[in-house]
Structures are given as structure tokens and as C-alpha cells.
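A.B. asks: For reference, the structure I am asking about is given below.
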Amino acid sequence: MARIPGPSYSITIRAEIENRIGMFAQLATAISYAGGDIGSIDIIRVEKGNVIRDVTVNARDEDHEREIVRAIKGVGGVKVIRVMDRTFSSHEGGKIEIHNKMPVRDRNDLSKVYTPGVARICNDIHDNPEHVYRYTIKGNAVAIITDGTAVLGLGDIGPDAAMPVMEGKAMIFKEFAGIDAFPIPLRTKDTEEIINTVKNISTPFGGINLEDISAPRCFEIERRLRKEMNMPVIHDDQHGTAVVVLAALINVARFLQKDIKKFRVTMVGAGAAGTATARMLSAYGIKEITVCDRYGAVYPGRRQDMSPYKRELAKITNPKKIKGGISDAMKGADVFIGLSAPNVITPGDIKKMSKDPIVFALANPDPEIAPEDAIPLVKILATGRSDYPNQINNMLSYPGIFRGLLDVRAKGVNEAVKFAAAEAIAHIIGDDELHEDYIIPSIFDRKVIASVAHAVAECAAKTGLARKR
């Protein structure tokens with residue numbers, strides 16, 4: 001699928017341009033012919049006979065960036081001084097830092113925040129362990145734990161290369177929910193070692209966000225940590241995605257005035273996100289769910305590539321015991337949900353679905369079918385991309401979920417909390433606002449985080465998870 005120019009591949013070209021009429025027009029024409037999307041244009045300085053300008057251009061990919069620069073160099077009277085990749089520049093030196101909440105200006109300040117005054121606080125926490133939430137960062141801190149084995153779209157790239165993603169996640173926690181989150185990539189893939197490490201470093205944190213850990217190890221790591229720790233542990237790739245998919249499906253049912261529990265759903269993808277989504281939809285009451293992987297439908301008794309987790313999944317899905325491939329599973333389906341890989345379904349597969357099909361093609365950056373191919377055939381299309389309507393993005397869920405859990409000092413997380421989060425996301429959009437292109441709110445709608453946090457805190461209190469009301 002051809003990509004359009006976007007800010008992920010944005011460059012700023014500093015160019016020395018002869019100061020005569022028509023020169024910038026020639027430069028702009030060259031960029032346009034090369035397919036670049038011109039953004040800001042700034043004059044840096046004017047010299048004798050020349051103007052130094054910074055021209056920002058969005059490209060499709062790195063090859064396209066180079067093509068644009070070559071086109072500029074081909075313009076007579078223009079000299080390229082330097083090219084800056086704006087995405088790399090935004091990561092220079094890391095994207096997050098620690099700030100003090102109060103100044104340390106003199107001995108009086110020091111005596112309160114450190115010795116000798118801090119001893120009083122230490123003794124208080126020793127005598128009242130729950131005060132650690134009140135007098136330390138624990139009440140507002142989340143650890144982002146990864147081993148770098150399943151980074152979105154990149155796979156097993158290791159802990160160092162995963163750091164920029166974890167820093168970005170920490171930025172989102174802070175920007176949208178006011179949570180101090182710390183990226184902690186671990187230099188091990190061993191399940192037991194990860195579990196023990198997380199338990200041993202958990203003291204400063206009120207919650208654990210597992211991130212980009214490959215299946216099936218992620219299932220065992222999350223299960224054990226939830227069982228052995230007295231705080232919320234959420235593998236966001238699983239449950240954050242599942243919550244937003246459920247929210248979108250709730251709104252599809254509202255928009256179409258249908259019973260969500262009667263939808264017939266076909267899913268492609270039996271990894272972390274696919275498994276969690278299938279389980280959540282099933283727990284919510286949708287009875288007809290068929291999950292497919294690269295070998296076709298998952299069903300009880302299948303011998304090929306059936307992990308214990310897929311065998312458990314087979315017990316709660318595929319009630320019609322479909323044994324064919326993806327195309328077979330899509331026959332008569334009302335909803336397709338893709339959490340897998342690019343180009344795994346065709347327009348012909350969509351034509352086999354029921355009337356007014358719903359397609360959530362969520363593989364990112366390239367979905368299971370090109371949106372341009374799906375749009376003429378579907379009632380509603382959702383993707384994981386920001387350049388099409390109905391973006392399914394787990395950013396809608398996890399900041400608010402953790403905000404709500406931290407606010408009540410939750411001891412864990414349960415299915416009811418996740419349902420509450422999904423319903424809160426869905427109902428940000430009023431009945432009269434729902435539309436084929438608006439079944440999920442924007443990730444920049446600040447009402448979402450507050451609404452989710454409130455619903456989650458309330459649900460945690462009602463279901464016995466809250467230490468604080």
C-alpha cells in the first residue's frame with residue numbers, strides 16, 4: 001500500500017537561495033514534483049545576494065526524503081547547506097527527564113526534603129506502610145516494563161532499541177494523565193527472571209505496565225505478576241487494545257441499533273492483542289467469535305501450532321467449529337477484526353460477509369487490507385492509523401485506566417474495570433453524534449481520560465480493589 005507524506009518522515013532543509021525573483025517558486029516546484037508536502041518556511045538570515053531559508057517537508061519514507069533533497073539540489077541557484085530529520089531531532093538526548101516538585105534553595109529546604117527532616121517521614125511509613133502512597137512518588141508512578149521482543153511493527157529489536165517507544169509511552173502517561181512513568185527495558189527474555197525483577201523493583205510504583213513482550217511469554221508473565229503482586233499489572237498490548245476495540249464495537253451497535261451480543265465476529269490474529277480481544281468480547285457476551293491465525297481457524301482438536309493459550313481460546317470461541325482458512329471464517333460474519341499482518345484479506349473476502357459489513361483492519365502501519373480497497377465495500381471501517389477516520393488506538397484506554405486505579409490505590413485490576421473503561425470511552429460520543437466515520441473519540445479529546453479514570457475508580461471501589469475511596 002502506497003504511503004502518503006506524513007510527519008513521521010519530516011525533514012528540514014536549510015538552503016542558500018539566490019536572492020532574485022522567482023527562485024523560491026522554482027524550489028517549491030521542485031519539491032512538489034518530487035511528491036513532497038511543504039510545511040513551514042522560515043527565513044534564517046539574508047546575506048549579500050542570498051537568502052538562507054529553512055524549508056520543512058513531509059515525505060513518504062527515507063528514500064523519498066533523499067529524492068526530495070536531490071530534486072532541490074537540481075535547482076540552479078540553490079545550495080543545500082544541511083538536512084535535518086525532524087523525527088530524529090525530537091529524540092535527541094531522550095524525550096523525558098525528571099523535575100523536582102519543590103526547590104532546594106537553602107539549608108531550610110534541605111533539612112525538610114533530606115536529612116534530618118526526612119527521617120520523620122521514613123519512620124512514619126515504617127509505622128504506617130500505607131503512607132508510602134501519600135509521602136512518596138508511589139501514589140502516582142507506573143513502571144513501563146519491556147524486554148523489547150515484540151515492539152509494534154518492528155518485532156524483537158531488544159531493550160536498547162525499544163527505549164524510544166517506552167519513552168514515548170512515558171510522555172503520553174504524563175501529558176494526558178499526569179502520571180510519572182518510567183521506562184524500564186530489561187536485558188533478559190527469561191520469564192522467571194522478568195517476573196522476579198519486576199517484583200524486586202516494584203517498591204516505587206503504584207502500577208506495572210507491561211509493554212511489547214512477545215506471546216506466549218507475555219501471558220504467563222502477566223498472570224504470575226497479577227497473582228503475586230498487590231498492585232495493578234496490565235499488559236497494554238493485550239488489554240489496552242481490547243478495551244478500545246470493545247468501545248468501538250459498542251458504538252457500532254449503538255449506531256446500527258443492533259444488539260452487540262448478536263454480532264458474528266471473525267478475528268485474524270491469535271497473539272497478545274488478538275487473544276485478549278477475543279477473551280474480552282466473549283466475556284462481554286458476544287457468543288459467535290472465530291479466531292484465525294496463519295494456519296486458519298482456531299478450533300478444539302486442531303493439531304497445528306496449538307499452544308496451551310490457543311487451546312484455551314478454542315474452548316470459548318468458534319462455536320460452529322469452522323476448520324477452514326480466513327476466507328472460510330469470514331463467510332456471513334458481521335464484523336472482521338484484524339490484529340495481525342498486512343494484506344491478509346481481500347475485497348472478495350469482505351464480499352462474503354453479511355450485509356453492511358464492519359471491518360476493523362488494525363495492523364499498523366499497513367493494515368490487513370488497504371483502506372482504499374475496503375471503503376467501497378463496508379458500512380464502517382476502522383484502522384490503527386491516524387490518517388483515516390476511526391483510529392483504534394490504545395492510547396484512549398491506558399492513561400485513564402491507570403489514572404483511575406492510582407487514584408484509589410488499587411490492589412489489582414479485573415474484567416469489570418476494563419468493561420467500565422470501554423463503556424466510558426464509547427459514551428464520550430452522544431447518540432446524535434455517531435456516524436460511520438465517528439465511532440471512536442479522538443485520542444486528543446481530553447474528556448476521554450477524565451471519563452475513563454472516573455469510571456475505573458468507581459468500578460474499582462465497587463468491586464473491592466480500592467484501598468482509598
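For the C-alpha cells, the naming scheme is as follows: chains receive sequential letters (A, B, ...) according to their order of presentation, residues are indexed from 1 within each chain, and ligands are indexed from 1 in presentation order.
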DSSP says helix (DSSP H, G or I) for which residues of range 284-380 of chain A? Put them as a ChimeraX atom specification?

C.D. replies: /A:284,308-316,326-329,347-351,371-377

A.B. asks: Would you mind listing what lies within 10 Å of range 221-235 of chain A as a ChimeraX atom specification, with only C-alpha atoms counted and same-chain residues fewer than 5 positions away left out?

C.D. replies: /A:142-146,190-196,198-199,202,205-213,215-216,240-241,272-273,276,398,401-402,405-406,409-414,465

A.B. asks: With C-alpha atoms kept, could you save the residues just selected as a compact mmCIF listing (two decimals), in the first residue's frame?

C.D. replies:
```txt
# COMPACT_ATOMS: atom_id res chain seq x y z
CA VAL A 142 3.97 3.47 36.86
CA ALA A 143 6.80 1.25 35.64
CA ILE A 144 6.82 0.54 31.89
CA ILE A 145 8.41 -2.90 31.62
CA THR A 146 9.58 -4.48 28.37
CA ASP A 190 13.70 -15.35 30.64
CA THR A 191 10.17 -15.47 32.04
CA GLU A 192 11.19 -16.20 35.64
CA GLU A 193 13.90 -13.55 35.60
CA ILE A 194 11.45 -10.92 34.30
CA ILE A 195 8.87 -11.83 36.94
CA ASN A 196 11.40 -11.70 39.78
CA VAL A 198 9.59 -6.70 38.35
CA LYS A 199 8.68 -7.86 41.84
CA SER A 202 8.18 -2.64 42.39
CA PHE A 205 5.45 2.13 41.72
CA GLY A 206 1.68 2.05 42.12
CA GLY A 207 1.18 0.08 38.91
CA ILE A 208 3.02 -2.00 36.33
CA ASN A 209 2.51 -1.51 32.58
CA LEU A 210 3.92 -4.47 30.65
CA GLU A 211 4.75 -3.49 27.08
CA ASP A 212 5.95 -5.14 23.88
CA ILE A 213 6.67 -8.58 25.36
CA ALA A 215 3.46 -14.07 23.16
CA PRO A 216 3.07 -16.56 24.66
CA GLY A 240 -5.44 -1.60 26.22
CA THR A 241 -6.13 -2.69 22.66
CA ALA A 272 -1.28 -10.96 22.59
CA ALA A 273 -3.79 -8.39 21.31
CA ALA A 276 -7.08 -10.61 24.83
CA TYR A 398 -4.34 3.05 29.32
CA ILE A 401 -7.26 3.25 33.33
CA PHE A 402 -4.04 3.75 35.28
CA LEU A 405 -6.51 2.81 39.52
CA LEU A 406 -3.82 5.03 41.05
CA ARG A 409 -4.62 2.97 45.25
CA ALA A 410 -5.97 -0.17 43.61
CA LYS A 411 -4.74 -3.61 44.65
CA GLY A 412 -5.21 -5.02 41.15
CA VAL A 413 -7.36 -4.93 38.03
CA ASN A 414 -10.34 -7.03 36.95
CA LEU A 465 -9.99 -3.30 44.55
```

A.B. asks: Need the shell around range 390-395 of chain A: protein/DNA/RNA residues with any atom at most 6 Å away, counting only C-alpha atoms. Skip same-chain ones fewer than 2 positions apart. Format as a ChimeraX atom specification?

C.D. replies: /A:240-241,382-386,397-398,437-438,440

A.B. asks: Go ahead and write the residues just picked, N, CA and C atoms, as a PDB file, in the first residue's frame.

C.D. replies:
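Output file result31.pdb is given in full below:
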```pdb
ATOM      1  N   GLY A 240      -5.174  -2.944  26.724  1.00  0.00           N
ATOM      2  CA  GLY A 240      -5.436  -1.604  26.215  1.00  0.00           C
ATOM      3  C   GLY A 240      -6.090  -1.653  24.849  1.00  0.00           C
ATOM      4  N   THR A 241      -5.552  -2.519  23.994  1.00  0.00           N
ATOM      5  CA  THR A 241      -6.134  -2.692  22.659  1.00  0.00           C
ATOM      6  C   THR A 241      -7.546  -3.254  22.756  1.00  0.00           C
ATOM      7  N   ALA A 382     -12.524   0.831  10.418  1.00  0.00           N
ATOM      8  CA  ALA A 382     -11.615   1.390  11.420  1.00  0.00           C
ATOM      9  C   ALA A 382     -10.226   0.831  11.148  1.00  0.00           C
ATOM     10  N   THR A 383      -9.207   1.636  11.438  1.00  0.00           N
ATOM     11  CA  THR A 383      -7.828   1.187  11.298  1.00  0.00           C
ATOM     12  C   THR A 383      -7.049   1.602  12.540  1.00  0.00           C
ATOM     13  N   GLY A 384      -5.763   1.265  12.549  1.00  0.00           N
ATOM     14  CA  GLY A 384      -4.899   1.726  13.624  1.00  0.00           C
ATOM     15  C   GLY A 384      -4.161   2.993  13.256  1.00  0.00           C
ATOM     16  N   ARG A 385      -4.473   3.545  12.089  1.00  0.00           N
ATOM     17  CA  ARG A 385      -3.733   4.686  11.555  1.00  0.00           C
ATOM     18  C   ARG A 385      -4.440   5.999  11.847  1.00  0.00           C
ATOM     19  N   SER A 386      -3.631   7.067  11.908  1.00  0.00           N
ATOM     20  CA  SER A 386      -4.188   8.384  12.202  1.00  0.00           C
ATOM     21  C   SER A 386      -4.645   9.124  10.948  1.00  0.00           C
ATOM     22  N   SER A 397      -7.155   4.271  26.124  1.00  0.00           N
ATOM     23  CA  SER A 397      -7.520   3.490  27.311  1.00  0.00           C
ATOM     24  C   SER A 397      -6.520   3.569  28.447  1.00  0.00           C
ATOM     25  N   TYR A 398      -5.237   3.293  28.187  1.00  0.00           N
ATOM     26  CA  TYR A 398      -4.340   3.054  29.317  1.00  0.00           C
ATOM     27  C   TYR A 398      -4.051   4.268  30.195  1.00  0.00           C
ATOM     28  N   ASP A 437     -18.027   7.483  10.186  1.00  0.00           N
ATOM     29  CA  ASP A 437     -16.644   7.914  10.338  1.00  0.00           C
ATOM     30  C   ASP A 437     -16.336   8.437  11.734  1.00  0.00           C
ATOM     31  N   TYR A 438     -17.255   8.207  12.675  1.00  0.00           N
ATOM     32  CA  TYR A 438     -17.040   8.709  14.035  1.00  0.00           C
ATOM     33  C   TYR A 438     -17.662   7.752  15.043  1.00  0.00           C
ATOM     34  N   ILE A 440     -15.454   6.321  17.356  1.00  0.00           N
ATOM     35  CA  ILE A 440     -14.498   6.300  18.464  1.00  0.00           C
ATOM     36  C   ILE A 440     -13.968   7.730  18.625  1.00  0.00           C
TER      37      ILE A 440
END
```

A.B. asks: Let me make sure I understand: among A:Ile17, A:Met280, A:Met330, A:Ala457, which one has the smallest atom-to-atom distance to Asp407 in chain A if we use only C-alpha atoms?

C.D. replies: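 Smallest separation from Asp407 in chain A among the options: A:Ala457.
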
A.B. asks: I need the residue nearest Val448 in chain A from this list: A:Ala28, A:Ile425, A:Val378, A:Ile179. Use only C-alpha atoms for the distance.

C.D. replies: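 Smallest separation from Val448 in chain A among the options: A:Ile425.
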
A.B. asks: Quick one, how far is CA of Pro300 in chain A from CA of Ala363 in chain A?

C.D. replies: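 Taking CA of Pro300 in chain A and CA of Ala363 in chain A, their separation equals 26.3 Å.
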
A.B. asks: My list of candidates is A:His435, A:Arg403, A:Arg66, A:Lys418. Which is closest to Glu175 in chain A when distances are computed with only C-alpha atoms?

C.D. replies: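 The shortest atom-to-atom distance to Glu175 in chain A comes from A:Arg403.
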